[in-house]
Structures are given as C-alpha cells and as structure tokens.
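What follows is the content of structure09.txt (compact mmCIF, N, CA, C and O atoms).
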```
# COMPACT_ATOMS: atom_id res chain seq x y z
N MET A 1 24.75 -1.24 0.17
CA MET A 1 23.34 -0.87 0.13
C MET A 1 22.68 -1.29 1.43
O MET A 1 22.94 -2.36 1.96
N ALA A 2 21.79 -0.45 1.95
CA ALA A 2 21.10 -0.74 3.21
C ALA A 2 20.10 -1.87 3.02
O ALA A 2 19.45 -1.97 1.97
N LYS A 3 19.99 -2.70 4.04
CA LYS A 3 19.04 -3.79 4.00
C LYS A 3 17.62 -3.22 4.11
O LYS A 3 17.38 -2.29 4.86
N SER A 4 16.70 -3.80 3.36
CA SER A 4 15.32 -3.35 3.43
C SER A 4 14.73 -3.65 4.80
O SER A 4 15.05 -4.66 5.42
N MET A 5 13.87 -2.77 5.25
CA MET A 5 13.20 -2.98 6.52
C MET A 5 12.02 -3.92 6.34
O MET A 5 11.41 -3.96 5.27
N THR A 6 11.69 -4.64 7.39
CA THR A 6 10.49 -5.47 7.36
C THR A 6 9.29 -4.55 7.51
O THR A 6 9.42 -3.39 7.93
N PHE A 7 8.12 -5.07 7.21
CA PHE A 7 6.90 -4.29 7.37
C PHE A 7 6.75 -3.83 8.82
O PHE A 7 6.41 -2.68 9.08
N GLU A 8 7.02 -4.73 9.75
CA GLU A 8 6.88 -4.38 11.17
C GLU A 8 7.84 -3.27 11.57
O GLU A 8 7.47 -2.35 12.31
N GLN A 9 9.07 -3.31 11.07
CA GLN A 9 10.04 -2.24 11.34
C GLN A 9 9.59 -0.92 10.73
O GLN A 9 9.74 0.14 11.34
N THR A 10 9.01 -0.99 9.54
CA THR A 10 8.50 0.21 8.88
C THR A 10 7.38 0.83 9.70
O THR A 10 7.35 2.04 9.91
N MET A 11 6.46 0.00 10.19
CA MET A 11 5.34 0.51 10.99
C MET A 11 5.84 1.12 12.30
O MET A 11 5.33 2.15 12.74
N GLU A 12 6.84 0.50 12.90
CA GLU A 12 7.43 1.03 14.13
C GLU A 12 8.04 2.41 13.87
O GLU A 12 7.82 3.35 14.63
N ALA A 13 8.79 2.54 12.78
CA ALA A 13 9.41 3.82 12.43
C ALA A 13 8.36 4.88 12.15
O ALA A 13 8.48 6.03 12.59
N MET A 14 7.30 4.50 11.44
CA MET A 14 6.24 5.47 11.11
C MET A 14 5.44 5.87 12.35
O MET A 14 4.93 7.00 12.41
N SER A 15 5.36 5.00 13.34
CA SER A 15 4.61 5.34 14.55
C SER A 15 5.29 6.46 15.33
O SER A 15 4.66 7.11 16.16
N LYS A 16 6.55 6.71 15.05
CA LYS A 16 7.30 7.77 15.72
C LYS A 16 7.30 9.08 14.94
O LYS A 16 7.87 10.07 15.39
N MET A 17 6.66 9.09 13.77
CA MET A 17 6.62 10.29 12.93
C MET A 17 5.49 11.22 13.36
O MET A 17 4.47 10.78 13.86
N SER A 18 5.69 12.51 13.08
CA SER A 18 4.64 13.50 13.31
C SER A 18 3.59 13.36 12.21
O SER A 18 3.87 12.80 11.15
N PRO A 19 2.39 13.91 12.42
CA PRO A 19 1.38 13.89 11.35
C PRO A 19 1.86 14.49 10.04
O PRO A 19 1.56 13.98 8.97
N ASP A 20 2.64 15.57 10.11
CA ASP A 20 3.17 16.20 8.89
C ASP A 20 4.17 15.28 8.19
O ASP A 20 4.21 15.21 6.97
N GLU A 21 5.01 14.59 8.97
CA GLU A 21 5.97 13.65 8.40
C GLU A 21 5.24 12.49 7.72
O GLU A 21 5.62 12.07 6.63
N ILE A 22 4.18 12.01 8.36
CA ILE A 22 3.40 10.92 7.77
C ILE A 22 2.74 11.37 6.48
O ILE A 22 2.76 10.66 5.48
N LYS A 23 2.18 12.58 6.48
CA LYS A 23 1.54 13.13 5.28
C LYS A 23 2.56 13.21 4.13
O LYS A 23 2.25 12.84 3.00
N GLY A 24 3.76 13.66 4.42
CA GLY A 24 4.81 13.74 3.41
C GLY A 24 5.21 12.36 2.91
O GLY A 24 5.44 12.17 1.71
N ARG A 25 5.29 11.40 3.81
CA ARG A 25 5.65 10.03 3.45
C ARG A 25 4.59 9.42 2.54
O ARG A 25 4.91 8.77 1.54
N VAL A 26 3.32 9.64 2.88
CA VAL A 26 2.21 9.13 2.05
C VAL A 26 2.26 9.76 0.66
O VAL A 26 2.08 9.07 -0.34
N ALA A 27 2.54 11.04 0.58
CA ALA A 27 2.64 11.72 -0.72
C ALA A 27 3.78 11.11 -1.54
O ALA A 27 3.63 10.86 -2.74
N GLU A 28 4.92 10.85 -0.90
CA GLU A 28 6.07 10.24 -1.58
C GLU A 28 5.71 8.84 -2.09
O GLU A 28 6.01 8.49 -3.23
N LEU A 29 5.05 8.05 -1.27
CA LEU A 29 4.67 6.69 -1.66
C LEU A 29 3.62 6.69 -2.76
O LEU A 29 3.65 5.84 -3.65
N THR A 30 2.69 7.65 -2.71
CA THR A 30 1.65 7.73 -3.74
C THR A 30 2.26 7.97 -5.11
O THR A 30 1.77 7.43 -6.10
N LYS A 31 3.34 8.73 -5.17
CA LYS A 31 4.03 8.98 -6.45
C LYS A 31 4.62 7.69 -7.02
O LYS A 31 4.76 7.56 -8.23
N MET A 32 4.99 6.75 -6.16
CA MET A 32 5.58 5.47 -6.59
C MET A 32 4.51 4.42 -6.92
O MET A 32 4.79 3.44 -7.60
N CYS A 33 3.32 4.62 -6.41
CA CYS A 33 2.24 3.63 -6.48
C CYS A 33 1.85 3.30 -7.93
O CYS A 33 1.73 4.20 -8.76
N ILE A 34 1.63 2.01 -8.20
CA ILE A 34 1.24 1.58 -9.55
C ILE A 34 -0.18 1.00 -9.58
O ILE A 34 -0.56 0.34 -10.55
N CYS A 35 -0.98 1.26 -8.56
CA CYS A 35 -2.36 0.75 -8.54
C CYS A 35 -3.13 1.06 -9.82
O CYS A 35 -3.91 0.24 -10.29
N GLY A 36 -2.92 2.24 -10.38
CA GLY A 36 -3.64 2.66 -11.58
C GLY A 36 -3.40 1.77 -12.78
O GLY A 36 -4.16 1.79 -13.73
N LYS A 37 -2.33 0.97 -12.76
CA LYS A 37 -2.00 0.07 -13.86
C LYS A 37 -2.56 -1.34 -13.64
O LYS A 37 -2.38 -2.22 -14.48
N CYS A 38 -3.23 -1.56 -12.53
CA CYS A 38 -3.70 -2.89 -12.16
C CYS A 38 -4.98 -3.29 -12.89
O CYS A 38 -5.89 -2.48 -13.02
N PRO A 39 -5.06 -4.55 -13.34
CA PRO A 39 -6.28 -5.01 -14.01
C PRO A 39 -7.52 -4.94 -13.10
O PRO A 39 -8.62 -4.71 -13.59
N SER A 40 -7.33 -5.11 -11.81
CA SER A 40 -8.47 -5.02 -10.88
C SER A 40 -8.94 -3.58 -10.70
O SER A 40 -10.09 -3.34 -10.34
N TYR A 41 -8.07 -2.61 -10.92
CA TYR A 41 -8.35 -1.19 -10.75
C TYR A 41 -9.01 -0.58 -11.99
O TYR A 41 -9.95 0.21 -11.88
N LYS A 42 -8.49 -0.97 -13.15
CA LYS A 42 -8.94 -0.36 -14.41
C LYS A 42 -10.44 -0.56 -14.65
O LYS A 42 -10.96 -1.64 -14.45
N GLY A 43 -11.09 0.50 -15.08
CA GLY A 43 -12.50 0.44 -15.44
C GLY A 43 -13.47 0.46 -14.28
O GLY A 43 -14.67 0.32 -14.48
N THR A 44 -12.98 0.66 -13.07
CA THR A 44 -13.87 0.66 -11.90
C THR A 44 -14.36 2.06 -11.54
O THR A 44 -15.29 2.19 -10.75
N GLY A 45 -13.71 3.08 -12.07
CA GLY A 45 -14.04 4.45 -11.69
C GLY A 45 -13.31 4.89 -10.44
O GLY A 45 -13.46 6.03 -9.99
N GLU A 46 -12.52 4.01 -9.84
CA GLU A 46 -11.75 4.33 -8.64
C GLU A 46 -10.72 5.40 -8.97
O GLU A 46 -10.13 5.39 -10.05
N LYS A 47 -10.53 6.35 -8.07
CA LYS A 47 -9.56 7.42 -8.26
C LYS A 47 -8.45 7.37 -7.21
O LYS A 47 -7.40 7.98 -7.39
N ASN A 48 -8.69 6.69 -6.10
CA ASN A 48 -7.70 6.61 -5.02
C ASN A 48 -6.60 5.64 -5.38
O ASN A 48 -6.76 4.76 -6.23
N LEU A 49 -5.47 5.77 -4.69
CA LEU A 49 -4.31 4.91 -4.85
C LEU A 49 -3.80 4.52 -3.47
O LEU A 49 -4.37 4.94 -2.46
N LEU A 50 -2.77 3.73 -3.42
CA LEU A 50 -2.04 3.39 -2.19
C LEU A 50 -2.91 2.64 -1.18
O LEU A 50 -2.91 2.91 0.00
N PHE A 51 -3.65 1.66 -1.67
CA PHE A 51 -4.54 0.87 -0.81
C PHE A 51 -3.77 0.11 0.25
O PHE A 51 -4.31 -0.20 1.32
N CYS A 52 -2.48 -0.18 -0.01
CA CYS A 52 -1.65 -0.88 0.97
C CYS A 52 -1.50 -0.06 2.25
O CYS A 52 -1.28 -0.61 3.33
N ALA A 53 -1.67 1.25 2.15
CA ALA A 53 -1.58 2.13 3.31
C ALA A 53 -2.94 2.63 3.76
O ALA A 53 -3.17 2.80 4.96
N THR A 54 -3.85 2.84 2.82
CA THR A 54 -5.12 3.47 3.17
C THR A 54 -6.27 2.50 3.38
O THR A 54 -7.28 2.86 3.97
N GLY A 55 -6.14 1.28 2.89
CA GLY A 55 -7.20 0.28 3.08
C GLY A 55 -8.00 0.02 1.83
O GLY A 55 -7.70 0.50 0.75
N LYS A 56 -9.05 -0.75 2.01
CA LYS A 56 -9.88 -1.24 0.90
C LYS A 56 -10.53 -0.13 0.09
O LYS A 56 -10.84 0.93 0.60
N SER A 57 -10.76 -0.47 -1.16
CA SER A 57 -11.51 0.39 -2.06
C SER A 57 -12.99 0.07 -1.91
O SER A 57 -13.35 -1.09 -1.75
N SER A 58 -13.83 1.07 -2.01
CA SER A 58 -15.27 0.82 -2.00
C SER A 58 -15.78 0.54 -3.41
O SER A 58 -16.92 0.15 -3.59
N MET A 59 -14.90 0.72 -4.41
CA MET A 59 -15.33 0.59 -5.81
C MET A 59 -14.78 -0.66 -6.51
O MET A 59 -15.37 -1.11 -7.48
N ILE A 60 -13.68 -1.19 -6.04
CA ILE A 60 -13.08 -2.37 -6.67
C ILE A 60 -13.72 -3.61 -6.05
O ILE A 60 -13.65 -3.82 -4.85
N LYS A 61 -14.38 -4.42 -6.89
CA LYS A 61 -15.16 -5.55 -6.39
C LYS A 61 -14.70 -6.91 -6.88
O LYS A 61 -15.11 -7.93 -6.35
N LYS A 62 -13.85 -6.94 -7.94
CA LYS A 62 -13.44 -8.22 -8.51
C LYS A 62 -11.93 -8.31 -8.62
O LYS A 62 -11.28 -7.36 -9.05
N GLU A 63 -11.38 -9.46 -8.23
CA GLU A 63 -9.95 -9.73 -8.38
C GLU A 63 -9.70 -10.13 -9.83
O GLU A 63 -10.12 -11.19 -10.27
N LYS A 64 -9.04 -9.23 -10.57
CA LYS A 64 -8.76 -9.48 -11.99
C LYS A 64 -7.26 -9.54 -12.25
O LYS A 64 -6.83 -9.45 -13.39
N GLY A 65 -6.49 -9.67 -11.21
CA GLY A 65 -5.04 -9.64 -11.30
C GLY A 65 -4.52 -8.60 -10.33
O GLY A 65 -5.25 -7.67 -9.97
N CYS A 66 -3.29 -8.79 -9.85
CA CYS A 66 -2.73 -7.89 -8.84
C CYS A 66 -1.29 -7.53 -9.21
O CYS A 66 -0.47 -8.41 -9.44
N VAL A 67 -1.02 -6.23 -9.24
CA VAL A 67 0.32 -5.75 -9.56
C VAL A 67 1.13 -5.41 -8.30
O VAL A 67 2.28 -5.01 -8.40
N CYS A 68 0.54 -5.62 -7.14
CA CYS A 68 1.21 -5.26 -5.88
C CYS A 68 2.61 -5.87 -5.72
O CYS A 68 3.52 -5.17 -5.29
N PRO A 69 2.82 -7.16 -6.06
CA PRO A 69 4.16 -7.72 -5.88
C PRO A 69 5.26 -6.98 -6.65
O PRO A 69 6.40 -6.96 -6.21
N GLY A 70 4.93 -6.34 -7.76
CA GLY A 70 5.91 -5.62 -8.55
C GLY A 70 5.98 -4.13 -8.26
O GLY A 70 6.73 -3.41 -8.91
N CYS A 71 5.21 -3.68 -7.30
CA CYS A 71 5.15 -2.25 -6.99
C CYS A 71 6.35 -1.82 -6.13
O CYS A 71 6.71 -2.51 -5.19
N PRO A 72 6.94 -0.66 -6.44
CA PRO A 72 8.06 -0.17 -5.62
C PRO A 72 7.66 0.09 -4.17
O PRO A 72 8.49 0.00 -3.27
N VAL A 73 6.39 0.38 -3.91
CA VAL A 73 5.92 0.62 -2.55
C VAL A 73 6.02 -0.67 -1.73
O VAL A 73 6.36 -0.63 -0.55
N THR A 74 5.75 -1.81 -2.37
CA THR A 74 5.83 -3.10 -1.69
C THR A 74 7.21 -3.30 -1.08
O THR A 74 7.35 -3.64 0.09
N GLU A 75 8.24 -3.05 -1.88
CA GLU A 75 9.61 -3.20 -1.39
C GLU A 75 9.94 -2.14 -0.35
O GLU A 75 10.52 -2.43 0.69
N LYS A 76 9.54 -0.91 -0.61
CA LYS A 76 9.86 0.21 0.29
C LYS A 76 9.30 -0.01 1.69
O LYS A 76 9.96 0.30 2.68
N LEU A 77 8.08 -0.54 1.77
CA LEU A 77 7.43 -0.73 3.07
C LEU A 77 7.61 -2.14 3.65
O LEU A 77 7.17 -2.40 4.76
N GLY A 78 8.23 -3.04 2.89
CA GLY A 78 8.40 -4.40 3.38
C GLY A 78 7.09 -5.18 3.38
O GLY A 78 6.89 -6.07 4.20
N LEU A 79 6.20 -4.84 2.46
CA LEU A 79 4.89 -5.49 2.38
C LEU A 79 5.01 -6.91 1.87
O LEU A 79 5.92 -7.24 1.12
N LYS A 80 4.04 -7.76 2.26
CA LYS A 80 4.10 -9.16 1.86
C LYS A 80 2.75 -9.75 1.50
O LYS A 80 2.59 -10.95 1.45
N TRP A 81 1.77 -8.90 1.25
CA TRP A 81 0.43 -9.37 0.90
C TRP A 81 0.06 -8.88 -0.49
O TRP A 81 0.85 -8.20 -1.13
N ILE A 82 -1.15 -9.19 -0.92
CA ILE A 82 -1.65 -8.71 -2.21
C ILE A 82 -3.11 -8.30 -2.07
O ILE A 82 -3.72 -8.52 -1.03
N TYR A 83 -3.64 -7.73 -3.14
CA TYR A 83 -5.04 -7.29 -3.21
C TYR A 83 -5.42 -6.39 -2.02
O TYR A 83 -6.46 -6.56 -1.39
N TYR A 84 -4.59 -5.40 -1.74
CA TYR A 84 -4.90 -4.45 -0.67
C TYR A 84 -6.20 -3.71 -0.96
O TYR A 84 -6.94 -3.37 -0.05
N CYS A 85 -6.50 -3.51 -2.25
CA CYS A 85 -7.71 -2.80 -2.64
C CYS A 85 -8.97 -3.57 -2.21
O CYS A 85 -10.03 -2.97 -2.03
N MET A 86 -8.85 -4.86 -2.03
CA MET A 86 -10.02 -5.67 -1.65
C MET A 86 -9.89 -6.27 -0.25
O MET A 86 -10.91 -6.54 0.41
N LYS A 87 -8.67 -6.49 0.21
CA LYS A 87 -8.46 -7.19 1.49
C LYS A 87 -8.03 -6.27 2.64
O LYS A 87 -7.98 -6.70 3.77
N GLY A 88 -7.69 -5.03 2.31
CA GLY A 88 -7.30 -4.07 3.35
C GLY A 88 -5.82 -3.74 3.33
O GLY A 88 -5.02 -4.39 2.65
N SER A 89 -5.46 -2.75 4.10
CA SER A 89 -4.08 -2.26 4.16
C SER A 89 -3.15 -3.33 4.71
O SER A 89 -3.58 -4.35 5.23
N GLY A 90 -1.87 -3.05 4.62
CA GLY A 90 -0.88 -3.95 5.20
C GLY A 90 -1.11 -4.16 6.68
O GLY A 90 -1.04 -5.27 7.18
N LYS A 91 -1.42 -3.07 7.38
CA LYS A 91 -1.70 -3.18 8.83
C LYS A 91 -2.90 -4.08 9.07
O LYS A 91 -2.89 -4.90 9.98
N GLU A 92 -3.94 -3.90 8.27
CA GLU A 92 -5.15 -4.73 8.43
C GLU A 92 -4.84 -6.20 8.16
O GLU A 92 -5.26 -7.08 8.91
N GLN A 93 -4.11 -6.46 7.08
CA GLN A 93 -3.80 -7.85 6.72
C GLN A 93 -2.83 -8.49 7.71
O GLN A 93 -2.82 -9.70 7.90
N ALA A 94 -2.01 -7.66 8.37
CA ALA A 94 -1.08 -8.16 9.38
C ALA A 94 -1.75 -8.35 10.73
O ALA A 94 -1.16 -8.90 11.65
N GLY A 95 -2.99 -7.88 10.85
CA GLY A 95 -3.73 -7.99 12.11
C GLY A 95 -3.21 -7.02 13.17
O GLY A 95 -3.29 -7.29 14.36
N MET A 96 -2.71 -5.86 12.72
CA MET A 96 -2.17 -4.86 13.65
C MET A 96 -3.25 -3.89 14.09
O MET A 96 -4.10 -3.51 13.41
```
Rewrite the structure from the file as structure tokens, please.
Amino acid sequence: MAKSMTFEQTMEAMSKMSPDEIKGRVAELTKMCICGKCPSYKGTGEKNLLFCATGKSSMIKKEKGCVCPGCPVTEKLGLKWIYYCMKGSGKEQAGM
C-alpha cells in the first residue's frame, strides 16, 4: 500500500494541477466529506461542505464537537487540524 502524503506534499501536487483537475479533485473530496454529520454543523442552516479546503463557514459559530479527525478527507489530504469550519482551511491553519 502506498504511504499517505503529508499535507505539504498534497498542496505541492495540487499546485501543479490545472483548474479543471482541481475542480474534479474538489468534487471527489466533497463526496467523501462528512461535515454534514458534525455536531457543530447540524442545525446551523449551513449547506456548504469541505471547509478543510474552502475555508471558514459564515454560519457555524459554536464549537459543539468536531468529526474532522475521522473524516476520509483528513487522511486523503494529510490534514492535521480540526474545526476547519471555524478556524479556516488546512492552508490557512498551516500558515501557507
């Protein structure tokens, strides 16, 4: 089995992708995303997903629990943070 890439390696690989490739990758990751099952997400009226890639939510205001550590996207992208919906994308939290 191939070793998982680090977040930095993932960002490097994505920086070489075309806009269409990135759009396809985001669509693939959105299908894996479990944000909709998160206690912080439920009941907020938020409709967006994949905050680890897109950044903070304008609607989620309270930390009520975080499912990010168990999300398949976390492993796929080599993410290491939580509460992307409130603290920003992986790139933002990494200071990139």
*Residues at most 6 Å from segment 78-87 of chain A, counting only N, CA, C and O atoms, excluding those fewer than 2 positions away in the same chain, as an MDAnalysis selection string?*
chainID A and resid 5:8 51:52 55:58 60 66 68:69 73:76 89 92:93
Excluding Met32 of chain A and any residue of its chain fewer than 2 positions from it, enumerate the residues within 6 Å of it, using all atoms listed in the file, and give them as an mmCIF file with N, CA, C and O atoms, in the frame of the given file.
```cif
data_model
loop_
_atom_site.group_PDB
_atom_site.id
_atom_site.type_symbol
_atom_site.label_atom_id
_atom_site.label_comp_id
_atom_site.auth_asym_id
_atom_site.auth_seq_id
_atom_site.Cartn_x
_atom_site.Cartn_y
_atom_site.Cartn_z
ATOM 1 N N ALA A 27 2.540 11.040 0.580
ATOM 2 C CA ALA A 27 2.640 11.720 -0.720
ATOM 3 C C ALA A 27 3.780 11.110 -1.540
ATOM 4 O O ALA A 27 3.630 10.860 -2.740
ATOM 5 N N GLU A 28 4.920 10.850 -0.900
ATOM 6 C CA GLU A 28 6.070 10.240 -1.580
ATOM 7 C C GLU A 28 5.710 8.840 -2.090
ATOM 8 O O GLU A 28 6.010 8.490 -3.230
ATOM 9 N N LEU A 29 5.050 8.050 -1.270
ATOM 10 C CA LEU A 29 4.670 6.690 -1.660
ATOM 11 C C LEU A 29 3.620 6.690 -2.760
ATOM 12 O O LEU A 29 3.650 5.840 -3.650
ATOM 13 N N THR A 30 2.690 7.650 -2.710
ATOM 14 C CA THR A 30 1.650 7.730 -3.740
ATOM 15 C C THR A 30 2.260 7.970 -5.110
ATOM 16 O O THR A 30 1.770 7.430 -6.100
ATOM 17 N N ILE A 34 1.630 2.010 -8.200
ATOM 18 C CA ILE A 34 1.240 1.580 -9.550
ATOM 19 C C ILE A 34 -0.180 1.000 -9.580
ATOM 20 O O ILE A 34 -0.560 0.340 -10.550
ATOM 21 N N CYS A 71 5.210 -3.680 -7.300
ATOM 22 C CA CYS A 71 5.150 -2.250 -6.990
ATOM 23 C C CYS A 71 6.350 -1.820 -6.130
ATOM 24 O O CYS A 71 6.710 -2.510 -5.190
ATOM 25 N N PRO A 72 6.940 -0.660 -6.440
ATOM 26 C CA PRO A 72 8.060 -0.170 -5.620
ATOM 27 C C PRO A 72 7.660 0.090 -4.170
ATOM 28 O O PRO A 72 8.490 0.000 -3.270
ATOM 29 N N VAL A 73 6.390 0.380 -3.910
ATOM 30 C CA VAL A 73 5.920 0.620 -2.550
ATOM 31 C C VAL A 73 6.020 -0.670 -1.730
ATOM 32 O O VAL A 73 6.360 -0.630 -0.550
#
```
*Name all residues at most 9 Å from Met11 of chain A (count only C-alpha atoms; drop same-chain ones fewer than 5 positions away) and give them as a PyMOL selection string.*
chain A and resi 6+16+77+91
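The closest residue to Gly45 of chain A, picked from A:Gln9, A:Met59, A:Gly95, A:Pro19 and counting only C-alpha atoms, is A:Met59.
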*How far is it from atom O of Ser40 of chain A to atom CA of Val26 of chain A, in Å with one decimal?*
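These atoms are spaced 21.5 Å apart.
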*Nearest to Lys31 of chain A among A:Leu49, A:Thr54, A:Thr44, A:Ala13, with distances taken over only C-alpha atoms: which residue is it?*
A:Leu49
*From chain A, collect each residue whose DSSP state is alpha helix (DSSP H) and return the set as an NGL selection string.*
:A and (7-15 or 19-32 or 51-54 or 72-77 or 84-87 or 90-94)
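Between atom CA of Thr10 of chain A and atom CA of Ile22 of chain A there is a distance of 11.9 Å.
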*Provide the atom O of Ser15 of chain A to atom C of Leu50 of chain A distance in Å, to one decimal place.*
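Distance reported for this atom pair: 19.4 Å.
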